[in-house]
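Engineer: Contents of query-v1.cif (mmCIF, C-alpha atoms) are given next:
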data_target
loop_
_atom_site.label_atom_id
_atom_site.label_comp_id
_atom_site.auth_asym_id
_atom_site.auth_seq_id
_atom_site.Cartn_x
_atom_site.Cartn_y
_atom_site.Cartn_z
CA MET O 1 4.16 -20.24 3.27
CA ARG O 2 4.72 -22.57 0.30
CA ALA O 3 0.95 -22.82 -0.24
CA SER O 4 0.66 -19.04 -0.04
CA GLN O 5 3.43 -18.52 -2.61
CA ARG O 6 1.75 -21.07 -4.88
CA ALA O 7 -1.63 -19.32 -4.53
CA ARG O 8 -0.04 -16.00 -5.46
CA GLY O 9 1.68 -17.52 -8.49
CA GLU O 10 5.05 -16.61 -6.96
CA ASP O 11 8.28 -18.57 -6.53
CA VAL O 12 7.80 -21.46 -4.10
CA ALA O 13 11.53 -22.31 -4.19
CA LEU O 14 12.13 -19.02 -2.37
CA VAL O 15 10.81 -20.63 0.82
CA ASP O 16 13.35 -23.44 0.68
CA ALA O 17 16.15 -21.01 -0.20
CA LEU O 18 15.21 -18.97 2.87
CA LEU O 19 15.15 -22.03 5.15
CA SER O 20 18.57 -23.07 3.82
CA ALA O 21 20.02 -19.58 4.35
CA ASP O 22 18.55 -19.43 7.85
CA GLU O 23 20.10 -22.81 8.69
CA ARG O 24 23.47 -21.45 7.54
CA ARG O 25 22.88 -18.33 9.64
CA ARG O 26 22.18 -20.45 12.72
CA SER O 27 25.06 -22.91 12.23
CA SER O 28 27.57 -20.17 11.40
CA GLY O 29 26.44 -18.33 14.53
CA VAL O 30 27.05 -21.44 16.63
CA ARG O 31 30.45 -21.94 14.97
CA PHE O 32 31.38 -18.31 15.70
CA ASP O 33 30.34 -18.63 19.36
CA GLU O 34 32.36 -21.84 19.77
CA LEU O 35 35.49 -20.30 18.25
CA ARG O 36 35.13 -17.15 20.36
CA ALA O 37 34.81 -19.26 23.52
CA GLU O 38 37.92 -21.22 22.52
CA GLN O 39 39.74 -17.98 21.80
CA LYS O 40 38.88 -16.54 25.22
CA ALA O 41 39.93 -19.74 26.99
CA LEU O 42 43.24 -19.72 25.10
CA GLY O 43 43.75 -16.07 26.00
CA LYS O 44 43.69 -17.01 29.68
CA LEU O 45 46.32 -19.76 29.23
CA ILE O 46 48.91 -17.73 27.30
CA PRO O 47 50.04 -15.44 30.18
CA LYS O 48 50.72 -18.51 32.35
CA ALA O 49 52.72 -20.43 29.70
CA THR O 50 56.45 -20.25 28.99
CA GLY O 51 58.93 -21.35 26.36
CA ASP O 52 57.81 -23.75 23.63
CA GLU O 53 54.36 -24.12 25.17
CA LYS O 54 53.79 -20.37 24.97
CA ALA O 55 55.02 -20.27 21.38
CA GLU O 56 52.62 -23.07 20.44
CA LEU O 57 49.71 -21.30 22.19
CA LEU O 58 50.53 -18.04 20.39
CA ARG O 59 50.55 -19.91 17.07
CA LYS O 60 47.12 -21.40 17.92
CA ALA O 61 45.88 -17.96 18.97
CA GLU O 62 46.90 -16.52 15.61
CA GLN O 63 45.08 -19.32 13.78
CA LEU O 64 42.00 -18.87 16.01
CA LYS O 65 41.99 -15.16 15.30
CA ALA O 66 41.80 -15.90 11.57
CA ASP O 67 39.13 -18.59 12.12
CA VAL O 68 37.01 -16.23 14.26
CA LYS O 69 37.26 -13.51 11.63
CA ALA O 70 36.20 -15.97 8.89
CA ALA O 71 33.32 -17.32 11.02
CA ASP O 72 32.16 -13.78 11.73
CA ALA O 73 32.15 -13.01 8.00
CA ASP O 74 30.24 -16.25 7.28
CA ARG O 75 27.68 -15.41 9.96
CA ASP O 76 27.17 -11.88 8.60
CA ALA O 77 26.90 -13.12 5.01
CA ALA O 78 24.34 -15.78 5.97
CA ALA O 79 22.35 -13.26 8.03
CA GLN O 80 22.34 -10.80 5.12
CA GLU O 81 21.26 -13.48 2.65
CA THR O 82 18.49 -14.58 5.04
CA GLN O 83 17.24 -11.00 5.38
CA GLU O 84 17.35 -10.40 1.62
CA LEU O 85 15.37 -13.57 0.94
CA LEU O 86 12.90 -12.76 3.72
CA LEU O 87 12.21 -9.36 2.13
CA LYS O 88 11.41 -11.07 -1.18
CA LEU O 89 8.60 -13.14 0.35
CA SER O 90 5.05 -11.78 0.18
CA ASN O 91 2.61 -11.89 3.08
CA ILE O 92 0.80 -15.15 3.81
CA VAL O 93 -2.54 -15.24 1.99
CA HIS O 94 -5.64 -15.56 4.20
CA PRO O 95 -7.18 -19.06 3.78
CA ASP O 96 -10.56 -17.62 2.67
CA VAL O 97 -9.11 -15.65 -0.25
CA PRO O 98 -10.27 -16.99 -3.66
CA VAL O 99 -7.35 -18.63 -5.45
CA GLY O 100 -6.51 -17.48 -8.97
CA GLY O 101 -5.64 -14.48 -11.11
CA GLU O 102 -7.12 -11.04 -11.77
CA ASP O 103 -10.42 -12.40 -13.10
CA ASP O 104 -10.97 -14.97 -10.35
CA PHE O 105 -12.35 -12.53 -7.76
CA VAL O 106 -15.62 -13.22 -5.93
CA THR O 107 -18.38 -10.59 -5.98
CA LEU O 108 -19.62 -10.14 -2.40
CA GLU O 109 -22.33 -7.51 -2.88
CA THR O 110 -23.67 -4.84 -5.25
CA HIS O 111 -25.11 -1.41 -4.40
CA GLY O 112 -27.10 1.24 -6.22
CA THR O 113 -28.92 1.18 -9.54
CA ILE O 114 -27.21 1.40 -12.91
CA ARG O 115 -28.87 4.13 -15.00
CA ASP O 116 -30.57 3.13 -18.25
CA PHE O 117 -29.48 6.01 -20.47
CA ALA O 118 -31.30 4.54 -23.48
CA ALA O 119 -34.57 4.67 -21.55
CA GLU O 120 -33.78 8.27 -20.65
CA GLY O 121 -33.34 9.02 -24.34
CA PHE O 122 -29.69 9.99 -24.64
CA GLU O 123 -26.25 8.54 -25.20
CA PRO O 124 -23.94 9.10 -22.19
CA LYS O 125 -20.75 11.11 -22.80
CA ASP O 126 -17.47 9.90 -21.36
CA HIS O 127 -15.75 11.78 -18.53
CA LEU O 128 -13.23 13.52 -20.80
CA GLU O 129 -15.89 14.96 -23.11
CA LEU O 130 -17.91 16.06 -20.07
CA GLY O 131 -14.77 17.51 -18.46
CA GLN O 132 -14.09 19.58 -21.57
CA ILE O 133 -17.71 20.78 -21.79
CA LEU O 134 -17.56 21.83 -18.12
CA GLY O 135 -14.11 23.43 -18.45
CA ALA O 136 -12.96 20.98 -15.78
CA ILE O 137 -10.27 18.76 -17.36
CA ASP O 138 -7.42 19.69 -19.71
CA VAL O 139 -5.32 16.70 -20.79
CA GLU O 140 -3.88 18.35 -23.91
CA ARG O 141 -2.01 20.96 -21.91
CA GLY O 142 -1.16 18.33 -19.29
CA ALA O 143 0.60 16.36 -22.03
CA LYS O 144 2.25 19.52 -23.40
CA VAL O 145 3.66 20.45 -20.00
CA SER O 146 4.48 17.04 -18.52
CA GLY O 147 3.84 14.25 -21.05
CA SER O 148 1.21 11.54 -21.40
CA ARG O 149 -0.97 10.58 -18.42
CA PHE O 150 -0.72 14.05 -16.87
CA TYR O 151 -3.58 16.56 -16.72
CA PHE O 152 -4.84 19.85 -15.35
CA LEU O 153 -8.03 20.13 -13.32
CA THR O 154 -9.43 23.57 -14.08
CA GLY O 155 -12.38 25.64 -12.87
CA VAL O 156 -15.08 23.39 -11.44
CA GLY O 157 -12.74 20.42 -11.89
CA ALA O 158 -10.34 21.90 -9.34
CA LEU O 159 -13.25 22.84 -7.08
CA LEU O 160 -14.66 19.31 -7.38
CA GLU O 161 -11.34 17.81 -6.22
CA LEU O 162 -11.23 20.12 -3.20
CA ALA O 163 -14.85 19.29 -2.39
CA LEU O 164 -14.14 15.56 -2.57
CA VAL O 165 -11.05 15.83 -0.37
CA ASN O 166 -12.81 17.97 2.23
CA ALA O 167 -15.88 15.71 2.31
CA ALA O 168 -13.71 12.58 2.60
CA ILE O 169 -11.62 14.06 5.41
CA ALA O 170 -14.83 15.15 7.17
CA GLN O 171 -16.21 11.59 7.02
CA ALA O 172 -12.92 10.13 8.25
CA THR O 173 -12.62 12.64 11.08
CA ALA O 174 -16.21 11.93 12.17
CA ALA O 175 -15.27 8.21 12.27
CA GLY O 176 -12.38 8.92 14.62
CA PHE O 177 -9.44 9.13 12.21
CA THR O 178 -6.69 11.68 12.81
CA PRO O 179 -6.20 13.76 9.63
CA MET O 180 -2.61 13.76 8.34
CA LEU O 181 -0.74 15.61 5.59
CA THR O 182 2.15 13.31 4.77
CA PRO O 183 5.55 13.58 3.02
CA ALA O 184 5.57 12.64 -0.67
CA LEU O 185 9.23 11.57 -0.53
CA VAL O 186 10.44 8.71 1.67
CA ARG O 187 13.67 6.86 2.39
CA PRO O 188 14.32 3.37 0.98
CA ARG O 189 13.59 1.63 4.29
CA SER O 190 10.11 3.14 4.46
CA MET O 191 9.32 2.02 0.91
CA ALA O 192 10.81 -1.47 1.36
CA GLY O 193 9.21 -1.90 4.78
CA THR O 194 5.72 -1.39 3.40
CA GLY O 195 6.37 -3.88 0.59
CA PHE O 196 6.59 -1.54 -2.41
CA LEU O 197 10.09 -2.45 -3.56
CA GLY O 198 9.14 -6.03 -4.45
CA GLN O 199 6.63 -6.76 -7.19
CA ALA O 200 5.55 -3.08 -7.29
CA ALA O 201 9.09 -1.69 -7.73
CA GLN O 202 8.60 -1.10 -11.47
CA ASP O 203 5.82 1.37 -10.69
CA VAL O 204 7.86 3.46 -8.25
CA TYR O 205 9.67 6.72 -9.05
CA HIS O 206 13.17 6.92 -7.56
CA LEU O 207 15.31 10.05 -7.18
CA ASP O 208 18.82 8.61 -7.62
CA LYS O 209 20.67 11.75 -6.53
CA ASP O 210 18.91 11.85 -3.16
CA ASP O 211 18.09 8.13 -2.77
CA LEU O 212 14.47 9.02 -2.05
CA TYR O 213 11.26 7.54 -3.44
CA LEU O 214 8.09 9.34 -4.53
CA VAL O 215 5.19 7.60 -2.81
CA GLY O 216 2.45 5.89 -4.80
CA THR O 217 0.14 6.20 -1.79
CA SER O 218 0.26 7.83 1.64
CA GLU O 219 0.06 4.27 3.02
CA VAL O 220 3.87 4.34 2.88
CA PRO O 221 4.56 7.35 5.16
CA LEU O 222 1.60 6.43 7.37
CA ALA O 223 2.93 2.88 7.87
CA ALA O 224 6.43 4.20 8.60
CA TYR O 225 5.14 6.93 10.95
CA HIS O 226 5.60 4.62 13.98
CA MET O 227 8.71 2.82 12.61
CA ASP O 228 11.03 1.55 15.39
CA GLU O 229 8.43 2.33 18.08
CA ILE O 230 6.69 0.30 20.78
CA ILE O 231 3.04 1.34 21.23
CA ASP O 232 1.12 0.58 24.41
CA ALA O 233 -1.83 -1.71 23.73
CA ASP O 234 -4.28 0.67 25.39
CA ARG O 235 -3.53 3.28 22.69
CA LEU O 236 -4.81 0.95 19.96
CA PRO O 237 -6.45 1.18 17.54
CA LEU O 238 -4.57 4.12 16.02
CA ARG O 239 -6.33 5.41 12.90
CA TYR O 240 -4.99 8.02 10.50
CA ALA O 241 -6.48 9.61 7.36
CA GLY O 242 -3.65 10.77 5.12
CA PHE O 243 -3.95 13.19 2.22
CA SER O 244 -1.10 13.24 -0.28
CA PRO O 245 -0.11 13.39 -3.92
CA CYS O 246 0.59 9.92 -5.34
CA PHE O 247 3.03 9.09 -8.14
CA ARG O 248 2.97 5.92 -10.25
CA ARG O 249 4.89 4.96 -13.38
CA GLU O 250 1.99 2.76 -14.53
CA ALA O 251 4.60 0.40 -15.96
CA GLY O 252 3.04 -2.36 -18.02
CA SER O 253 -0.15 -0.38 -18.63
CA HIS O 254 0.78 0.66 -22.19
CA GLY O 255 -2.42 1.06 -24.17
CA LYS O 256 -4.68 0.73 -21.10
CA ASP O 257 -7.00 3.62 -20.14
CA THR O 258 -5.06 6.11 -22.25
CA ARG O 259 -8.07 8.41 -22.67
CA GLY O 260 -8.82 10.93 -19.95
CA ILE O 261 -7.78 10.75 -16.29
CA PHE O 262 -8.63 7.22 -15.18
CA ARG O 263 -5.02 5.96 -15.18
CA VAL O 264 -2.48 8.73 -14.57
CA HIS O 265 1.06 9.26 -13.25
CA GLN O 266 0.12 11.78 -10.53
CA PHE O 267 -3.06 12.14 -8.49
CA ASP O 268 -4.27 13.06 -5.01
CA LYS O 269 -5.81 10.61 -2.58
CA VAL O 270 -7.29 10.36 0.91
CA GLU O 271 -6.10 7.11 2.53
CA MET O 272 -7.25 5.46 5.75
CA PHE O 273 -4.63 3.61 7.80
CA SER O 274 -5.01 1.57 11.00
CA PHE O 275 -2.67 0.09 13.61
CA VAL O 276 -4.44 -2.63 15.62
CA ALA O 277 -3.73 -5.75 17.66
CA PRO O 278 -3.30 -8.74 15.28
CA GLU O 279 -6.38 -10.49 16.64
CA GLU O 280 -8.44 -7.39 15.71
CA SER O 281 -7.25 -7.09 12.10
CA GLN O 282 -10.07 -9.00 10.37
CA GLU O 283 -12.73 -6.99 12.19
CA GLU O 284 -10.89 -3.75 11.41
CA HIS O 285 -10.72 -4.82 7.77
CA ARG O 286 -14.51 -5.11 7.68
CA ARG O 287 -14.80 -1.68 9.32
CA LEU O 288 -12.57 -0.07 6.69
CA LEU O 289 -14.71 -1.65 3.98
CA GLU O 290 -17.87 -0.26 5.62
CA TRP O 291 -16.37 3.25 5.64
CA GLU O 292 -15.54 2.90 1.93
CA LYS O 293 -19.08 1.72 1.17
CA GLN O 294 -20.48 4.64 3.19
CA TRP O 295 -18.40 7.05 1.10
CA LEU O 296 -19.41 5.64 -2.29
CA THR O 297 -23.04 5.45 -1.21
CA SER O 298 -22.94 9.11 -0.17
CA LEU O 299 -21.67 9.95 -3.68
CA GLU O 300 -24.75 8.10 -5.05
CA LEU O 301 -22.62 5.80 -7.22
CA PRO O 302 -23.58 2.25 -8.26
CA PHE O 303 -20.80 -0.09 -7.16
CA ARG O 304 -19.90 -3.65 -6.24
CA VAL O 305 -17.58 -5.16 -3.62
CA ILE O 306 -15.17 -7.91 -4.64
CA ASP O 307 -12.92 -10.28 -2.70
CA VAL O 308 -9.68 -10.01 -4.69
CA ALA O 309 -8.10 -13.29 -5.82
CA SER O 310 -4.73 -14.45 -4.47
CA GLY O 311 -2.77 -13.77 -7.65
CA ASP O 312 -3.95 -10.15 -7.74
CA LEU O 313 -3.01 -9.23 -4.16
CA GLY O 314 -0.23 -6.75 -3.42
CA SER O 315 2.76 -8.35 -1.69
CA SER O 316 1.86 -6.88 1.72
CA ALA O 317 -1.83 -7.86 1.69
CA ALA O 318 -3.13 -11.07 3.26
CA ARG O 319 -6.59 -10.17 1.96
CA LYS O 320 -8.02 -7.30 -0.07
CA TYR O 321 -11.50 -6.03 -0.85
CA ASP O 322 -12.08 -3.66 -3.79
CA CYS O 323 -15.06 -1.40 -4.32
CA GLU O 324 -15.64 -0.96 -8.05
CA ALA O 325 -17.93 1.76 -9.40
CA TRP O 326 -19.95 1.40 -12.58
CA ILE O 327 -18.52 3.47 -15.46
CA PRO O 328 -21.35 3.90 -18.00
CA THR O 329 -19.31 4.53 -21.15
CA GLN O 330 -17.06 1.55 -20.41
CA GLY O 331 -20.03 -0.67 -19.58
CA LYS O 332 -18.23 -2.24 -16.63
CA TYR O 333 -17.24 -1.82 -13.01
CA ARG O 334 -13.81 -0.27 -12.31
CA GLU O 335 -11.84 -0.10 -9.08
CA LEU O 336 -12.33 3.07 -7.02
CA THR O 337 -11.21 1.91 -3.57
CA SER O 338 -9.21 -0.95 -2.06
CA THR O 339 -8.75 -2.04 1.53
CA SER O 340 -6.02 -4.47 2.57
CA ASP O 341 -5.35 -6.40 5.76
CA CYS O 342 -1.54 -6.54 5.94
CA THR O 343 -1.54 -8.45 9.26
CA GLU O 344 1.98 -8.27 10.80
CA PHE O 345 3.85 -8.12 7.50
CA GLN O 346 4.67 -4.39 7.49
CA SER O 347 5.10 -4.02 11.26
CA ARG O 348 7.76 -6.74 11.37
CA ARG O 349 9.73 -5.12 8.55
CA LEU O 350 9.37 -1.64 10.06
CA GLN O 351 9.94 -2.78 13.65
CA ILE O 352 6.60 -1.50 14.96
CA ARG O 353 5.49 -3.37 18.06
CA MET O 354 2.84 -3.23 20.77
CA ARG O 355 3.35 -3.63 24.50
CA ASP O 356 0.62 -5.83 25.97
CA GLY O 357 1.33 -6.20 29.69
CA LYS O 358 4.81 -7.68 29.87
CA THR O 359 4.65 -8.93 26.27
CA VAL O 360 6.05 -6.99 23.31
CA ARG O 361 4.92 -8.26 19.91
CA PRO O 362 4.30 -7.05 16.33
CA LEU O 363 0.95 -5.40 15.68
CA ALA O 364 -1.19 -5.43 12.52
CA THR O 365 -1.51 -2.70 9.89
CA LEU O 366 -4.38 -2.10 7.48
CA ASN O 367 -5.03 0.43 4.76
CA GLY O 368 -8.06 1.54 2.78
CA THR O 369 -8.60 4.09 0.02
CA LEU O 370 -11.27 6.59 0.91
CA CYS O 371 -11.03 8.81 -2.16
CA ALA O 372 -8.66 8.46 -5.13
CA VAL O 373 -9.62 11.78 -6.71
CA PRO O 374 -9.37 11.36 -10.53
CA ARG O 375 -11.19 8.01 -10.67
CA THR O 376 -13.88 9.36 -8.36
CA ILE O 377 -14.32 12.38 -10.63
CA VAL O 378 -14.62 10.00 -13.61
CA ALA O 379 -17.40 8.06 -11.84
CA ILE O 380 -19.26 11.20 -10.69
CA LEU O 381 -19.20 12.92 -14.09
CA GLU O 382 -20.37 9.85 -16.00
CA ASN O 383 -23.01 8.60 -13.56
CA HIS O 384 -24.56 12.00 -12.75
CA GLN O 385 -24.50 13.58 -16.23
CA GLN O 386 -27.57 15.21 -17.76
CA PRO O 387 -28.56 15.37 -21.45
CA ASP O 388 -27.26 18.93 -21.85
CA GLY O 389 -23.76 18.04 -20.57
CA SER O 390 -24.34 19.37 -17.06
CA VAL O 391 -23.61 17.13 -14.07
CA ARG O 392 -25.74 16.79 -10.95
CA VAL O 393 -23.73 17.30 -7.75
CA PRO O 394 -24.31 14.60 -5.06
CA GLU O 395 -25.82 16.16 -1.93
CA VAL O 396 -22.82 15.26 0.25
CA LEU O 397 -20.58 17.52 -1.87
CA ARG O 398 -22.89 20.53 -2.16
CA PRO O 399 -21.80 22.22 1.09
CA TYR O 400 -18.21 22.12 -0.23
CA LEU O 401 -19.24 23.62 -3.59
CA GLY O 402 -21.07 26.66 -2.25
CA GLY O 403 -24.44 24.88 -2.38
CA ARG O 404 -24.11 24.21 -6.11
CA GLU O 405 -26.54 21.54 -7.35
CA LEU O 406 -25.26 21.35 -10.92
CA LEU O 407 -21.92 21.66 -12.67
CA GLU O 408 -22.88 23.49 -15.85
CA PRO O 409 -21.24 23.73 -19.27
CA VAL O 410 -19.02 26.76 -19.77
CA ALA O 411 -19.60 29.14 -22.66
CA LYS O 412 -17.33 28.45 -25.62
#
Could you spell out this file's structure in structure tokens?
Structural biologist:
Amino acid sequence: MRASQRARGEDVALVDALLSADERRRSSGVRFDELRAEQKALGKLIPKATGDEKAELLRKAEQLKADVKAADADRDAAAQETQELLLKLSNIVHPDVPVGGEDDFVTLETHGTIRDFAAEGFEPKDHLELGQILGAIDVERGAKVSGSRFYFLTGVGALLELALVNAAIAQATAAGFTPMLTPALVRPRSMAGTGFLGQAAQDVYHLDKDDLYLVGTSEVPLAAYHMDEIIDADRLPLRYAGFSPCFRREAGSHGKDTRGIFRVHQFDKVEMFSFVAPEESQEEHRRLLEWEKQWLTSLELPFRVIDVASGDLGSSAARKYDCEAWIPTQGKYRELTSTSDCTEFQSRRLQIRMRDGKTVRPLATLNGTLCAVPRTIVAILENHQQPDGSVRVPEVLRPYLGGRELLEPVAK
């Protein structure tokens, strides 16, 4: 655990603080049990005693009562401190994860061919310019209505989102996932249990009056769906594909991706989520990655797969793979999907267990983006644009767009 904290760039002293608090929890529990036993034994002697002996026993009983109450308070305080410290610890990093910060990832593979727009004889337009030409994206009115980093998808933009969502759900359903429409508001325990009230807390919207959180991903309600349940091993794996709005403050991203719809406060997403036996989690992680690669390949996008470095992992992830699509006008790959193996981290916090014969134990949870809509629209518009501002529709989406092969500029 110390090595894992060090690899993440997080507080190593937290481990020792937790061990110390847990020792206090154990010793105060023993002390409480000893005092309670003494109190019960004394309670049996008092009815048989008389005179000065009885008075002395009653005095001892009064003192024991106070001591038991104090020991109980100490035990509860130590248990609470232990739990609070435990919740601050991130998941243990998988030993094969590259150690380092955001730029220390390892590229595992690349797919597709990056277009040479210069050879084709034209300068590529960025997604916002294309979106305006197509009558698909309106950020000015989004800002007028809601503020910066909000937007409207209009006309073919709205139709493109619906096509993407339907195609993604169709792929997930064909792969055996159960489609789910999930709540966008969750209770604190659901948010904390999935690990989003730690390092990610600054990005979360909280409704103080109701003590509810707006989810940043349907991973949260999907993880909490089986909270406090015991699942028979023969029902595993359980796989769900959730569609939901997602809300993120984007705290700390001032000045980053301010143009267009790449980094926004509200967007829709199709998320894959799996419950599996812990020994199956690494294989399931590879499967989730394959489904993401299948999706991006079907959209005919050039992309690469990276093994995310330890310092860039979310608190719940033991390992994470990102698929990054090429964005022509930025001249670089940008994250479109992520898949994380959370091992038993979330299930322990949410009390989700599996019954394997006579054994009951925590199971493993995993999540994987299938389609984060705005970023996918960015990648499609820029990679499939034509010289006249039209955009070629990938074949996989055409059945969901009435057979349309091109998104064409709207008349001024």
Engineer: Given the choices O:Cys246, O:Leu222, O:Ala233, O:Gly157, which gets closest to Asp203 of chain O if the distance is worked out from all atoms listed in the file?
Structural biologist: O:Cys246
Engineer: For Pro374 of chain O, please output as a VMD selection string all residues within 10 Å (counting all atoms listed in the file; exclusion window: fewer than 6 positions along the same chain).
Structural biologist: chain O and resid 151 153 157 161 260 to 264 266 to 269 336 380
Engineer: From the options O:Ala372, O:Ala41, O:Ala379, O:Val93, which residue's atoms come nearest to Thr217 of chain O, counting all atoms listed in the file?
Structural biologist: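 Using all atoms listed in the file, Thr217 of chain O sits closest to O:Ala372.
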Engineer: Could you expand the PyMOL selection byres ((chain O and resi 224) around 8) into the explicit residues it covers here, written as an mmCIF file with C-alpha atoms, in the coordinates of the input?
Structural biologist:
data_model
loop_
_atom_site.group_PDB
_atom_site.id
_atom_site.type_symbol
_atom_site.label_atom_id
_atom_site.label_comp_id
_atom_site.auth_asym_id
_atom_site.auth_seq_id
_atom_site.Cartn_x
_atom_site.Cartn_y
_atom_site.Cartn_z
ATOM 1 C CA SER O 190 10.110 3.140 4.460
ATOM 2 C CA GLY O 193 9.210 -1.900 4.780
ATOM 3 C CA THR O 194 5.720 -1.390 3.400
ATOM 4 C CA VAL O 220 3.870 4.340 2.880
ATOM 5 C CA PRO O 221 4.560 7.350 5.160
ATOM 6 C CA LEU O 222 1.600 6.430 7.370
ATOM 7 C CA ALA O 223 2.930 2.880 7.870
ATOM 8 C CA TYR O 225 5.140 6.930 10.950
ATOM 9 C CA HIS O 226 5.600 4.620 13.980
ATOM 10 C CA MET O 227 8.710 2.820 12.610
ATOM 11 C CA LEU O 350 9.370 -1.640 10.060
#
Engineer: Provide the atom CA of Glu300 of chain O to atom CA of Pro394 of chain O distance in Å, to one decimal place.
Structural biologist: 6.5 Å
Engineer: Between O:Lys54, O:Lys65, O:Arg189, O:Lys358, which residue has the minimum interatomic distance to Leu35 of chain O, considering all atoms listed in the file?
Structural biologist: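 Using all atoms listed in the file, Leu35 of chain O sits closest to O:Lys65.
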Engineer: Any idea what's packed within 7 Å of segment 306-317 of chain O, counting only C-alpha atoms, ignoring anything in its chain fewer than 5 positions away? Could you give it as a PDB file with C-alpha atoms, in the coordinates of the input?
Structural biologist:
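Saved to result_30.pdb:
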ATOM      1  CA  ALA O   7      -1.630 -19.320  -4.530  1.00  0.00           C
ATOM      2  CA  ARG O   8      -0.040 -16.000  -5.460  1.00  0.00           C
ATOM      3  CA  GLY O   9       1.680 -17.520  -8.490  1.00  0.00           C
ATOM      4  CA  SER O  90       5.050 -11.780   0.180  1.00  0.00           C
ATOM      5  CA  ASN O  91       2.610 -11.890   3.080  1.00  0.00           C
ATOM      6  CA  VAL O  93      -2.540 -15.240   1.990  1.00  0.00           C
ATOM      7  CA  VAL O  97      -9.110 -15.650  -0.250  1.00  0.00           C
ATOM      8  CA  PRO O  98     -10.270 -16.990  -3.660  1.00  0.00           C
ATOM      9  CA  VAL O  99      -7.350 -18.630  -5.450  1.00  0.00           C
ATOM     10  CA  GLY O 100      -6.510 -17.480  -8.970  1.00  0.00           C
ATOM     11  CA  GLY O 101      -5.640 -14.480 -11.110  1.00  0.00           C
ATOM     12  CA  GLU O 102      -7.120 -11.040 -11.770  1.00  0.00           C
ATOM     13  CA  ASP O 104     -10.970 -14.970 -10.350  1.00  0.00           C
ATOM     14  CA  PHE O 105     -12.350 -12.530  -7.760  1.00  0.00           C
ATOM     15  CA  VAL O 106     -15.620 -13.220  -5.930  1.00  0.00           C
ATOM     16  CA  THR O 107     -18.380 -10.590  -5.980  1.00  0.00           C
ATOM     17  CA  LEU O 108     -19.620 -10.140  -2.400  1.00  0.00           C
ATOM     18  CA  THR O 194       5.720  -1.390   3.400  1.00  0.00           C
ATOM     19  CA  GLY O 195       6.370  -3.880   0.590  1.00  0.00           C
ATOM     20  CA  GLN O 199       6.630  -6.760  -7.190  1.00  0.00           C
ATOM     21  CA  ASP O 322     -12.080  -3.660  -3.790  1.00  0.00           C
ATOM     22  CA  CYS O 323     -15.060  -1.400  -4.320  1.00  0.00           C
ATOM     23  CA  SER O 340      -6.020  -4.470   2.570  1.00  0.00           C
ATOM     24  CA  ASP O 341      -5.350  -6.400   5.760  1.00  0.00           C
ATOM     25  CA  CYS O 342      -1.540  -6.540   5.940  1.00  0.00           C
ATOM     26  CA  PHE O 345       3.850  -8.120   7.500  1.00  0.00           C
ATOM     27  CA  GLN O 346       4.670  -4.390   7.490  1.00  0.00           C
TER      28      GLN O 346
END
Engineer: Separation of atom CA of Leu214 of chain O and atom CA of Val373 of chain O, in Å?
Structural biologist: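 It comes out at 18.0 Å.
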Engineer: Could you spell out the hits of the PyMOL selection byres ((chain O and resi 132) around 12) on the shown file, as an mmCIF file with C-alpha atoms, in the coordinates of the input?
Structural biologist:
data_model
loop_
_atom_site.group_PDB
_atom_site.id
_atom_site.type_symbol
_atom_site.label_atom_id
_atom_site.label_comp_id
_atom_site.auth_asym_id
_atom_site.auth_seq_id
_atom_site.Cartn_x
_atom_site.Cartn_y
_atom_site.Cartn_z
ATOM 1 C CA LYS O 125 -20.750 11.110 -22.800
ATOM 2 C CA ASP O 126 -17.470 9.900 -21.360
ATOM 3 C CA HIS O 127 -15.750 11.780 -18.530
ATOM 4 C CA LEU O 128 -13.230 13.520 -20.800
ATOM 5 C CA GLU O 129 -15.890 14.960 -23.110
ATOM 6 C CA LEU O 130 -17.910 16.060 -20.070
ATOM 7 C CA GLY O 131 -14.770 17.510 -18.460
ATOM 8 C CA ILE O 133 -17.710 20.780 -21.790
ATOM 9 C CA LEU O 134 -17.560 21.830 -18.120
ATOM 10 C CA GLY O 135 -14.110 23.430 -18.450
ATOM 11 C CA ALA O 136 -12.960 20.980 -15.780
ATOM 12 C CA ILE O 137 -10.270 18.760 -17.360
ATOM 13 C CA ASP O 138 -7.420 19.690 -19.710
ATOM 14 C CA VAL O 139 -5.320 16.700 -20.790
ATOM 15 C CA GLU O 140 -3.880 18.350 -23.910
ATOM 16 C CA TYR O 151 -3.580 16.560 -16.720
ATOM 17 C CA PHE O 152 -4.840 19.850 -15.350
ATOM 18 C CA LEU O 153 -8.030 20.130 -13.320
ATOM 19 C CA THR O 154 -9.430 23.570 -14.080
ATOM 20 C CA GLY O 155 -12.380 25.640 -12.870
ATOM 21 C CA VAL O 156 -15.080 23.390 -11.440
ATOM 22 C CA GLY O 157 -12.740 20.420 -11.890
ATOM 23 C CA GLY O 260 -8.820 10.930 -19.950
ATOM 24 C CA LEU O 381 -19.200 12.920 -14.090
ATOM 25 C CA GLY O 389 -23.760 18.040 -20.570
ATOM 26 C CA SER O 390 -24.340 19.370 -17.060
ATOM 27 C CA GLU O 408 -22.880 23.490 -15.850
ATOM 28 C CA PRO O 409 -21.240 23.730 -19.270
ATOM 29 C CA VAL O 410 -19.020 26.760 -19.770
ATOM 30 C CA ALA O 411 -19.600 29.140 -22.660
ATOM 31 C CA LYS O 412 -17.330 28.450 -25.620
#
Engineer: Of the residues O:Leu45, O:Leu407, O:Met180, O:Ala73, which is the one nearest to Ala61 of chain O, using all atoms listed in the file?
Structural biologist: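 Of O:Leu45, O:Leu407, O:Met180, O:Ala73, the one nearest Ala61 of chain O is O:Leu45, counting all atoms listed in the file.
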